[in-house]
file structure_35.cif (mmCIF, C-alpha atoms)
data_target
#
loop_
_atom_site.label_atom_id
_atom_site.label_comp_id
_atom_site.auth_asym_id
_atom_site.auth_seq_id
_atom_site.Cartn_x
_atom_site.Cartn_y
_atom_site.Cartn_z
CA MET F 1 215.60 -17.88 102.13
CA LEU F 2 213.88 -14.58 102.87
CA ARG F 3 215.07 -11.83 100.56
CA ILE F 4 214.39 -8.35 101.99
CA HIS F 5 214.67 -5.68 99.27
CA PHE F 6 215.84 -2.21 100.34
CA THR F 7 215.59 1.17 98.64
CA SER F 8 217.74 4.16 99.58
CA ASP F 9 214.83 5.42 101.72
CA ASP F 10 214.70 2.09 103.57
CA LEU F 11 218.39 2.32 104.41
CA GLN F 12 217.66 5.61 106.14
CA ASN F 13 214.85 4.05 108.16
CA ILE F 14 216.42 1.05 109.89
CA ARG F 15 215.68 0.85 113.61
CA VAL F 16 216.68 -1.53 116.39
CA ALA F 17 214.31 -2.23 119.28
CA ARG F 18 216.08 -1.26 122.49
CA GLN F 19 214.31 -3.78 124.72
CA PRO F 20 212.95 -7.32 124.36
CA ASP F 21 209.37 -7.36 123.14
CA PRO F 22 207.20 -9.36 125.59
CA LEU F 23 204.85 -10.84 122.98
CA TRP F 24 207.60 -11.83 120.56
CA GLU F 25 209.50 -13.46 123.44
CA LEU F 26 206.30 -15.16 124.57
CA MET F 27 205.52 -16.49 121.11
CA CYS F 28 209.07 -17.75 120.54
CA SER F 29 209.16 -19.31 124.01
CA VAL F 30 206.00 -21.34 123.33
CA CYS F 31 207.78 -22.75 120.26
CA ARG F 32 210.86 -23.57 122.36
CA LEU F 33 208.64 -25.22 124.96
CA GLU F 34 207.14 -27.55 122.36
CA THR F 35 210.48 -28.74 120.95
CA GLY F 36 213.82 -29.98 122.17
CA GLN F 37 215.65 -27.10 120.46
CA GLY F 38 218.49 -25.53 122.38
CA PRO F 39 218.93 -28.19 125.08
CA LEU F 40 221.75 -26.27 126.72
CA GLU F 41 220.14 -22.82 126.44
CA PHE F 42 216.52 -23.76 127.22
CA GLY F 43 216.60 -27.26 128.70
CA HIS F 44 216.41 -26.21 132.33
CA TRP F 45 213.77 -23.59 131.56
CA ARG F 46 211.64 -26.25 129.85
CA ARG F 47 211.97 -28.63 132.79
CA SER F 48 211.07 -25.96 135.33
CA ALA F 49 208.15 -24.83 133.14
CA ARG F 50 206.72 -28.34 133.04
CA GLN F 51 207.00 -28.54 136.81
CA ARG F 52 205.10 -25.28 137.06
CA PHE F 53 202.37 -26.60 134.78
CA SER F 54 201.92 -29.71 136.90
CA GLY F 55 201.56 -27.64 140.07
CA ASP F 56 199.58 -24.67 138.72
CA SER F 57 196.27 -25.46 137.04
CA ASN F 58 195.74 -21.84 135.95
CA LEU F 59 199.06 -21.86 134.12
CA GLY F 60 198.19 -25.16 132.47
CA ARG F 61 194.85 -23.80 131.30
CA ALA F 62 196.55 -20.67 129.96
CA LEU F 63 198.89 -22.75 127.82
CA ARG F 64 196.14 -24.68 125.99
CA PRO F 65 194.86 -21.82 123.77
CA LEU F 66 198.45 -20.73 123.08
CA ARG F 67 199.36 -24.20 121.85
CA ALA F 68 196.34 -24.11 119.55
CA LEU F 69 197.45 -20.87 117.88
CA ILE F 70 201.26 -21.19 118.09
CA PRO F 71 202.51 -24.36 116.39
CA ALA F 72 206.15 -25.33 116.79
CA THR F 73 206.57 -25.09 113.00
CA GLY F 74 204.60 -23.44 110.23
CA TYR F 75 202.32 -20.45 110.10
CA ILE F 76 201.56 -18.40 113.23
CA PRO F 77 198.97 -15.58 113.13
CA ASP F 78 200.53 -12.11 113.05
CA PHE F 79 197.97 -10.57 115.43
CA LEU F 80 199.71 -12.37 118.33
CA THR F 81 202.71 -10.04 117.92
CA PRO F 82 201.37 -6.54 117.20
CA PRO F 83 203.83 -3.72 116.38
CA VAL F 84 206.53 -3.23 118.98
CA THR F 85 205.71 -0.18 121.09
CA GLY F 86 208.27 -0.38 123.90
CA GLY F 87 205.39 -0.09 126.34
CA GLY F 88 205.75 -3.56 127.83
CA LEU F 89 203.29 -6.42 128.10
CA SER F 90 200.25 -4.31 128.95
CA ALA F 91 200.68 -2.11 125.88
CA GLY F 92 201.12 -5.17 123.67
CA LEU F 93 198.01 -6.87 125.03
CA ASP F 94 195.97 -3.66 124.65
CA GLN F 95 197.04 -3.50 121.03
CA LEU F 96 196.19 -7.17 120.52
CA LEU F 97 192.69 -6.54 121.91
CA ARG F 98 192.20 -3.86 119.24
CA THR F 99 192.96 -6.23 116.35
CA PRO F 100 190.40 -5.65 113.58
CA ARG F 101 187.93 -8.48 113.10
CA VAL F 102 188.80 -8.71 109.40
CA GLN F 103 192.46 -9.39 110.28
CA LEU F 104 191.52 -12.05 112.81
CA VAL F 105 189.31 -13.86 110.31
CA ARG F 106 191.94 -13.69 107.57
CA GLU F 107 194.76 -15.00 109.75
CA LEU F 108 192.74 -17.72 111.47
CA THR F 109 191.51 -18.91 108.07
CA ARG F 110 195.11 -19.21 106.94
CA LEU F 111 196.02 -21.08 110.13
CA ALA F 112 193.14 -23.50 109.53
CA GLU F 113 194.68 -24.44 106.18
CA SER F 114 197.59 -26.13 107.98
CA ARG F 115 196.10 -27.35 111.28
CA PRO F 116 192.74 -27.75 113.09
CA VAL F 117 191.55 -24.53 114.72
CA PRO F 118 189.38 -24.89 117.88
CA ASN F 119 185.80 -23.68 117.79
CA TRP F 120 186.45 -20.94 120.35
CA ALA F 121 188.95 -19.31 117.99
CA ALA F 122 186.21 -18.66 115.45
CA SER F 123 184.58 -16.23 117.88
CA LEU F 124 187.71 -14.09 118.34
CA GLY F 125 186.76 -10.48 117.72
CA ARG F 126 183.07 -11.28 117.20
CA PRO F 127 180.79 -8.61 118.73
CA GLY F 128 179.64 -9.69 122.16
CA SER F 129 182.32 -12.39 122.47
CA ASP F 130 184.96 -12.27 125.18
CA ALA F 131 187.19 -14.86 123.47
CA LEU F 132 189.86 -12.29 122.62
CA LYS F 133 189.93 -11.07 126.23
CA VAL F 134 190.26 -14.66 127.44
CA LEU F 135 193.17 -15.17 125.05
CA ALA F 136 194.86 -11.97 126.22
CA ASN F 137 194.39 -13.10 129.82
CA SER F 138 196.03 -16.45 128.98
CA LEU F 139 198.97 -14.64 127.41
CA GLY F 140 199.36 -12.56 130.57
CA ILE F 141 199.24 -15.59 132.89
CA TYR F 142 201.82 -17.45 130.79
CA PHE F 143 204.15 -14.44 130.67
CA ARG F 144 203.98 -13.74 134.40
CA GLY F 145 204.48 -17.39 135.29
CA LEU F 146 207.25 -18.43 132.89
CA LEU F 147 208.96 -15.34 131.50
CA GLU F 148 208.71 -12.55 134.05
CA PRO F 149 210.97 -14.32 136.61
CA HIS F 150 213.72 -14.41 133.94
CA TRP F 151 213.05 -10.97 132.47
CA PRO F 152 216.11 -9.20 133.95
CA HIS F 153 218.39 -11.79 132.34
CA ILE F 154 216.50 -11.63 129.03
CA ARG F 155 216.68 -7.83 129.09
CA THR F 156 220.43 -7.94 129.76
CA ALA F 157 221.09 -10.31 126.86
CA VAL F 158 219.08 -8.13 124.49
CA GLY F 159 220.72 -4.97 125.85
CA ASN F 160 224.16 -6.43 125.19
CA ASP F 161 223.20 -7.09 121.58
CA VAL F 162 221.74 -3.61 121.16
CA GLY F 163 225.05 -2.17 122.40
CA VAL F 164 226.95 -4.19 119.80
CA ARG F 165 224.62 -3.03 116.98
CA ALA F 166 224.89 0.59 118.13
CA ARG F 167 228.68 0.49 117.98
CA VAL F 168 228.60 -1.10 114.53
CA LEU F 169 226.18 1.58 113.32
CA LEU F 170 228.29 4.42 114.70
CA ASP F 171 231.47 3.00 113.19
CA GLY F 172 230.17 1.87 109.80
CA GLY F 173 226.63 3.10 109.13
CA THR F 174 223.46 1.23 108.24
CA GLN F 175 225.03 -1.12 105.71
CA ALA F 176 227.59 -2.23 108.31
CA LEU F 177 224.69 -2.78 110.70
CA LEU F 178 223.00 -5.11 108.21
CA ALA F 179 226.29 -6.87 107.51
CA SER F 180 226.71 -7.51 111.26
CA LEU F 181 223.73 -9.90 111.19
CA ARG F 182 225.90 -12.68 109.72
CA PRO F 183 225.66 -15.66 109.75
CA VAL F 184 221.86 -15.66 110.09
CA ALA F 185 221.58 -13.00 107.36
CA ARG F 186 223.88 -11.77 104.58
CA TRP F 187 223.90 -8.22 103.23
CA ASN F 188 224.17 -8.33 99.44
CA ALA F 189 223.20 -4.76 98.57
CA PRO F 190 220.43 -3.88 98.07
CA VAL F 191 219.07 -7.18 99.43
CA LEU F 192 219.32 -8.71 102.88
CA GLU F 193 219.35 -12.50 102.42
CA VAL F 194 217.98 -14.11 105.57
CA ASP F 195 218.33 -17.76 106.58
CA TYR F 196 214.69 -18.86 106.38
CA PRO F 197 212.71 -22.11 105.96
CA VAL F 198 210.82 -21.00 102.83
CA GLN F 199 211.55 -18.96 99.72
CA ARG F 200 210.06 -15.48 100.07
CA ASP F 201 210.65 -11.90 98.91
CA LEU F 202 209.76 -8.87 101.03
CA TYR F 203 209.83 -5.43 99.38
CA LEU F 204 210.15 -2.67 101.98
CA GLU F 205 209.15 0.09 99.53
CA GLY F 206 210.27 2.94 101.77
CA ARG F 207 208.75 1.61 105.00
CA GLY F 208 212.12 0.77 106.51
CA LEU F 209 212.80 -2.21 108.77
CA LEU F 210 212.60 -2.72 112.52
CA LEU F 211 215.20 -5.17 113.87
CA VAL F 212 214.03 -6.90 117.06
CA PRO F 213 216.69 -8.78 119.05
CA SER F 214 215.19 -11.76 120.88
CA TYR F 215 216.33 -14.18 123.57
CA PHE F 216 213.94 -17.04 122.77
CA CYS F 217 214.38 -16.76 119.01
CA TRP F 218 216.46 -19.77 117.95
CA ARG F 219 218.77 -20.61 115.06
CA ARG F 220 217.03 -18.49 112.38
CA PRO F 221 215.35 -15.07 112.28
CA THR F 222 211.59 -14.79 112.03
CA ALA F 223 209.24 -12.22 110.54
CA LEU F 224 205.60 -11.34 110.08
CA ALA F 225 203.83 -13.35 107.41
CA ASP F 226 201.73 -10.49 106.02
CA PRO F 227 203.89 -8.30 103.74
CA GLY F 228 201.39 -5.47 104.19
CA LEU F 229 202.21 -5.04 107.88
CA ASP F 230 205.06 -2.87 109.14
CA PRO F 231 208.24 -4.87 108.32
CA VAL F 232 209.90 -6.54 111.29
CA LEU F 233 212.84 -8.94 111.49
CA VAL F 234 213.27 -10.75 114.80
CA TYR F 235 216.73 -12.29 115.24
CA PRO F 236 218.43 -14.32 118.01
CA VAL F 237 220.92 -12.82 120.43
CA ALA F 238 223.86 -14.41 122.24
CA LYS F 239 222.56 -16.01 125.40
CA ALA F 240 223.75 -17.62 128.60
CA PRO F 241 221.39 -20.42 129.68
CA LEU F 242 218.70 -19.43 132.15
CA THR F 243 219.88 -22.36 134.27
CA VAL F 244 223.10 -20.65 135.28
CA ALA F 245 221.86 -17.09 135.08
CA ASP F 246 219.13 -17.69 137.64
CA GLY F 247 221.33 -19.37 140.20
CA THR F 248 219.64 -22.78 140.30
CA ASP F 249 220.98 -25.60 142.42
CA ASP F 250 223.20 -26.93 139.63
CA GLY F 251 226.16 -29.20 140.29
CA VAL F 252 228.41 -27.44 137.77
CA GLU F 253 227.65 -24.09 139.38
CA ARG F 254 228.46 -25.46 142.84
CA LEU F 255 231.72 -26.87 141.52
CA LEU F 256 232.95 -23.89 139.50
CA GLY F 257 231.06 -20.96 140.96
CA ARG F 258 228.26 -19.06 139.24
CA THR F 259 230.33 -16.77 137.02
CA ARG F 260 232.81 -19.42 135.87
CA ALA F 261 229.98 -21.90 135.18
CA ALA F 262 228.19 -19.25 133.12
CA VAL F 263 231.37 -18.59 131.12
CA LEU F 264 231.90 -22.29 130.41
CA THR F 265 228.25 -22.73 129.42
CA GLU F 266 228.42 -19.76 127.06
CA VAL F 267 231.58 -21.07 125.39
CA ALA F 268 230.08 -24.56 125.07
CA GLY F 269 226.89 -23.27 123.50
CA GLN F 270 228.60 -21.92 120.37
CA SER F 271 231.16 -23.24 117.89
CA ALA F 272 233.68 -20.57 119.02
CA ARG F 273 233.47 -17.34 121.03
CA THR F 274 235.67 -14.31 121.45
CA THR F 275 236.40 -12.99 124.92
CA SER F 276 234.28 -9.89 124.30
CA GLU F 277 231.34 -12.02 123.13
CA VAL F 278 231.56 -14.14 126.27
CA ALA F 279 231.76 -11.03 128.45
CA GLY F 280 228.72 -9.48 126.76
CA ALA F 281 226.60 -12.63 126.90
CA VAL F 282 227.37 -13.41 130.54
CA GLY F 283 227.20 -9.77 131.62
CA ILE F 284 230.68 -9.35 133.11
CA ALA F 285 233.59 -7.01 132.42
CA LEU F 286 236.09 -7.94 129.72
CA PRO F 287 239.04 -8.40 132.14
CA SER F 288 236.90 -10.68 134.30
CA ALA F 289 235.90 -12.77 131.28
CA SER F 290 239.56 -13.04 130.23
CA TYR F 291 240.54 -14.19 133.72
CA GLN F 292 237.71 -16.77 133.98
CA ILE F 293 238.52 -18.18 130.53
CA GLY F 294 242.16 -18.47 131.55
CA VAL F 295 241.25 -20.45 134.67
CA LEU F 296 239.00 -22.75 132.62
CA ARG F 297 241.74 -23.17 130.04
CA ASP F 298 244.28 -24.09 132.75
CA GLY F 299 241.79 -26.68 134.01
CA GLY F 300 241.46 -28.28 130.58
CA LEU F 301 237.81 -27.20 130.12
CA VAL F 302 238.37 -24.55 127.43
CA ALA F 303 240.73 -24.36 124.44
CA SER F 304 241.77 -21.10 122.74
CA HIS F 305 243.27 -20.39 119.34
CA ARG F 306 243.92 -17.30 117.23
CA ASP F 307 241.90 -16.70 114.05
CA GLY F 308 243.15 -13.51 112.39
CA LYS F 309 242.69 -10.66 114.84
CA TYR F 310 240.39 -12.74 117.09
CA VAL F 311 241.23 -15.26 119.81
CA LEU F 312 238.47 -17.85 119.73
CA HIS F 313 237.50 -20.06 122.67
CA THR F 314 235.80 -23.45 122.53
CA ALA F 315 234.85 -25.99 125.19
CA THR F 316 237.01 -29.11 125.27
CA PRO F 317 235.46 -32.60 125.35
CA LEU F 318 236.11 -32.58 129.11
CA GLY F 319 234.28 -29.27 129.45
CA LEU F 320 231.35 -30.59 127.43
CA ARG F 321 231.19 -33.77 129.50
CA LEU F 322 231.21 -31.72 132.69
CA LEU F 323 228.14 -29.88 131.43
CA GLY F 324 226.53 -33.22 130.64
CA ASN F 325 226.12 -32.55 126.93
CA GLY F 326 228.94 -34.54 125.34
CA PRO F 327 230.87 -33.47 122.24
CA ARG F 328 227.80 -33.47 120.00
CA ILE F 329 226.85 -29.90 120.99
CA ARG F 330 228.84 -28.29 118.20
CA GLU F 331 227.22 -30.41 115.51
CA SER F 332 223.96 -28.49 115.86
CA VAL F 333 225.33 -24.99 116.47
CA PRO F 334 226.08 -22.55 113.63
CA PRO F 335 229.25 -20.42 113.57
CA PRO F 336 229.21 -17.36 115.83
CA VAL F 337 228.50 -13.81 114.78
CA ARG F 338 231.30 -11.46 115.70
CA GLY F 339 229.52 -9.58 118.45
CA ALA F 340 226.11 -11.22 117.94
CA ALA F 341 224.61 -14.67 118.30
CA ALA F 342 223.14 -17.53 116.40
CA GLY F 343 219.39 -17.88 116.24
CA PRO F 344 215.60 -19.62 115.06
CA TRP F 345 213.14 -20.67 112.29
CA HIS F 346 209.54 -20.59 111.13
CA ASP F 347 207.32 -20.20 108.08
CA ARG F 348 205.55 -17.15 109.28
CA GLY F 349 208.37 -16.93 109.55
CA HIS F 350 207.54 -16.97 113.28
CA ALA F 351 209.25 -18.73 116.12
#
call {"tool": "encode", "arguments": {"input": "structure_35.cif", "output": "structure tokens"}}
result
Amino acid sequence: MLRIHFTSDDLQNIRVARQPDPLWELMCSVCRLETGQGPLEFGHWRRSARQRFSGDSNLGRALRPLRALIPATGYIPDFLTPPVTGGGLSAGLDQLLRTPRVQLVRELTRLAESRPVPNWAASLGRPGSDALKVLANSLGIYFRGLLEPHWPHIRTAVGNDVGVRARVLLDGGTQALLASLRPVARWNAPVLEVDYPVQRDLYLEGRGLLLVPSYFCWRRPTALADPGLDPVLVYPVAKAPLTVADGTDDGVERLLGRTRAAVLTEVAGQSARTTSEVAGAVGIALPSASYQIGVLRDGGLVASHRDGKYVLHTATPLGLRLLGNGPRIRESVPPPVRGAAAGPWHDRGHA
């Protein structure tokens, strides 16, 4: 568990990034690429990425240094995700290129404690060495090849989450905003208790906290490892799989139609979803989501039941079989956040 300690000043300095951060998405996506996590959400993206690697030698070469510095589990150097600026990939890479040599040495030394670090990494930031520029170039090639084609969908998913957080903030204030992060985090004033792979305490001490919604973040939030850096908490958003969102030649989509297939996939990817959560994740109007869920329910693919003031929707065994995932999907998916999503893990805690 990560325990984030707030003061009254920190509660007045909570911010939410309005857009997905390219380097955080890139870093999290490398972790998703290396694992089988999120087979429904990321499975098609992984398969298409591997096809791209086999047909594009430049993309394959770009991935090698990223794999060396971004393990699927454990510590990941903080310099790979410099402070969010909102300036896009170019601004993030420019900031990465300005990483002080002392920070590079410190973080690479820590990485070497848990895994072998290639010889080229030792020259990062060294005067006269272009290793950092080569790394930044690799990051750019990877992003443009594997993330940029999906960026409109990623931006929509993050934008939907930002809209939810904004409404919660306007209705209930900053403490309600922190409480809305359940189930991946629990607000127990004055501490935010975050689902995390290691025991750790982070004292904000008046610096506030930047919340960064992320598409490729999975199951648990992640954060910078160095407590001296500006505090950031990256958390997962509700997501429709890139498979359906990008209109691939998928049998389910041909059978049901793009929108209805996206609705079924979104419902199947969580333990239960409200109509508004489905609408926000898929990017359709609430009446349209209600209609599509009704059609799927009439076809025996979705079941609905009332839980207090919410009507919750789940995929039936038939719906799960149609998607090719079987009934075991729900065993690995945490309960939904009312208006948010479930999300990732890491010791940095990156990923």
call {"tool": "resolve_selection", "arguments": {"input": "structure_35.cif", "expression": "the PyMOL selection byres ((chain F and resi 305) around 12)", "output": "list in words"}}
result
Ala272, Arg273, Thr274, Thr275, Arg297, Val302, Ala303, Ser304, Arg306, Asp307, Gly308, Lys309, Tyr310, Val311, Leu312, His313, Thr314 and Ala315 of chain F
call {"tool": "closest_residue", "arguments": {"input": "structure_35.cif", "among": "F:Leu23, F:Leu89, F:Leu139, F:Ala49", "to": "F:Arg67", "atoms": "only C-alpha atoms"}}
result
F:Leu139
call {"tool": "resolve_selection", "arguments": {"input": "structure_35.cif", "expression": "the PyMOL selection byres ((chain F and resi 5) around 6)", "output": "PyMOL selection string"}}
result
chain F and resi 4+6+191+203
call {"tool": "closest_residue", "arguments": {"input": "structure_35.cif", "among": "F:Ile141, F:Ala121, F:His44, F:Leu209", "to": "F:Thr109", "atoms": "all atoms listed in the file"}}
result
F:Ala121
call {"tool": "residues_around", "arguments": {"input": "structure_35.cif", "residues": "F:Cys28", "least_positions_apart": "6", "cutoff": "12 Å", "atoms": "all atoms listed in the file", "output": "PyMOL selection string"}}
result
chain F and resi 20-22+34-35+37+42+66-67+70-73+76+80-81+143+147+213-223+234-236+343-346+348-351
call {"tool": "write_last_selection", "arguments": {"input": "structure_35.cif", "atoms": "C-alpha atoms", "output": "PDB file, in the frame of the given file"}}
result
ATOM      1  CA  PRO F  20     212.950  -7.320 124.360  1.00  0.00           C
ATOM      2  CA  ASP F  21     209.370  -7.360 123.140  1.00  0.00           C
ATOM      3  CA  PRO F  22     207.200  -9.360 125.590  1.00  0.00           C
ATOM      4  CA  GLU F  34     207.140 -27.550 122.360  1.00  0.00           C
ATOM      5  CA  THR F  35     210.480 -28.740 120.950  1.00  0.00           C
ATOM      6  CA  GLN F  37     215.650 -27.100 120.460  1.00  0.00           C
ATOM      7  CA  PHE F  42     216.520 -23.760 127.220  1.00  0.00           C
ATOM      8  CA  LEU F  66     198.450 -20.730 123.080  1.00  0.00           C
ATOM      9  CA  ARG F  67     199.360 -24.200 121.850  1.00  0.00           C
ATOM     10  CA  ILE F  70     201.260 -21.190 118.090  1.00  0.00           C
ATOM     11  CA  PRO F  71     202.510 -24.360 116.390  1.00  0.00           C
ATOM     12  CA  ALA F  72     206.150 -25.330 116.790  1.00  0.00           C
ATOM     13  CA  THR F  73     206.570 -25.090 113.000  1.00  0.00           C
ATOM     14  CA  ILE F  76     201.560 -18.400 113.230  1.00  0.00           C
ATOM     15  CA  LEU F  80     199.710 -12.370 118.330  1.00  0.00           C
ATOM     16  CA  THR F  81     202.710 -10.040 117.920  1.00  0.00           C
ATOM     17  CA  PHE F 143     204.150 -14.440 130.670  1.00  0.00           C
ATOM     18  CA  LEU F 147     208.960 -15.340 131.500  1.00  0.00           C
ATOM     19  CA  PRO F 213     216.690  -8.780 119.050  1.00  0.00           C
ATOM     20  CA  SER F 214     215.190 -11.760 120.880  1.00  0.00           C
ATOM     21  CA  TYR F 215     216.330 -14.180 123.570  1.00  0.00           C
ATOM     22  CA  PHE F 216     213.940 -17.040 122.770  1.00  0.00           C
ATOM     23  CA  CYS F 217     214.380 -16.760 119.010  1.00  0.00           C
ATOM     24  CA  TRP F 218     216.460 -19.770 117.950  1.00  0.00           C
ATOM     25  CA  ARG F 219     218.770 -20.610 115.060  1.00  0.00           C
ATOM     26  CA  ARG F 220     217.030 -18.490 112.380  1.00  0.00           C
ATOM     27  CA  PRO F 221     215.350 -15.070 112.280  1.00  0.00           C
ATOM     28  CA  THR F 222     211.590 -14.790 112.030  1.00  0.00           C
ATOM     29  CA  ALA F 223     209.240 -12.220 110.540  1.00  0.00           C
ATOM     30  CA  VAL F 234     213.270 -10.750 114.800  1.00  0.00           C
ATOM     31  CA  TYR F 235     216.730 -12.290 115.240  1.00  0.00           C
ATOM     32  CA  PRO F 236     218.430 -14.320 118.010  1.00  0.00           C
ATOM     33  CA  GLY F 343     219.390 -17.880 116.240  1.00  0.00           C
ATOM     34  CA  PRO F 344     215.600 -19.620 115.060  1.00  0.00           C
ATOM     35  CA  TRP F 345     213.140 -20.670 112.290  1.00  0.00           C
ATOM     36  CA  HIS F 346     209.540 -20.590 111.130  1.00  0.00           C
ATOM     37  CA  ARG F 348     205.550 -17.150 109.280  1.00  0.00           C
ATOM     38  CA  GLY F 349     208.370 -16.930 109.550  1.00  0.00           C
ATOM     39  CA  HIS F 350     207.540 -16.970 113.280  1.00  0.00           C
ATOM     40  CA  ALA F 351     209.250 -18.730 116.120  1.00  0.00           C
TER      41      ALA F 351
END
call {"tool": "resolve_selection", "arguments": {"input": "structure_35.cif", "expression": "the PyMOL selection byres ((chain F and resi 61-65) around 12)", "output": "number ranges by chain"}}
result
F: 26-27, 29-31, 33-34, 49-50, 52-60, 66-71, 80, 117-121, 124, 131-132, 134-146
call {"tool": "closest_residue", "arguments": {"input": "structure_35.cif", "among": "F:Ala225, F:Val278, F:Val194, F:Val164", "to": "F:Glu107", "atoms": "all atoms listed in the file"}}
result
F:Ala225
call {"tool": "atom_distance", "arguments": {"input": "structure_35.cif", "atom1": "atom CA of F:Arg207", "atom2": "atom CA of F:Ala157"}}
result
27.8 Å
call {"tool": "residues_near_point", "arguments": {"input": "structure_35.cif", "point": "(212.5, 3.3, 104.7)", "cutoff": "10 Å", "atoms": "all atoms listed in the file", "output": "list in words"}}
result
Phe6, Thr7, Ser8, Asp9, Asp10, Leu11, Gln12, Asn13, Ile14, Arg15, Leu204, Glu205, Gly206, Arg207, Gly208, Leu209, Leu210 and Pro231 of chain F
call {"tool": "atom_distance", "arguments": {"input": "structure_35.cif", "atom1": "atom CA of F:Pro190", "atom2": "atom CA of F:Ala17"}}
result
22.1 Å
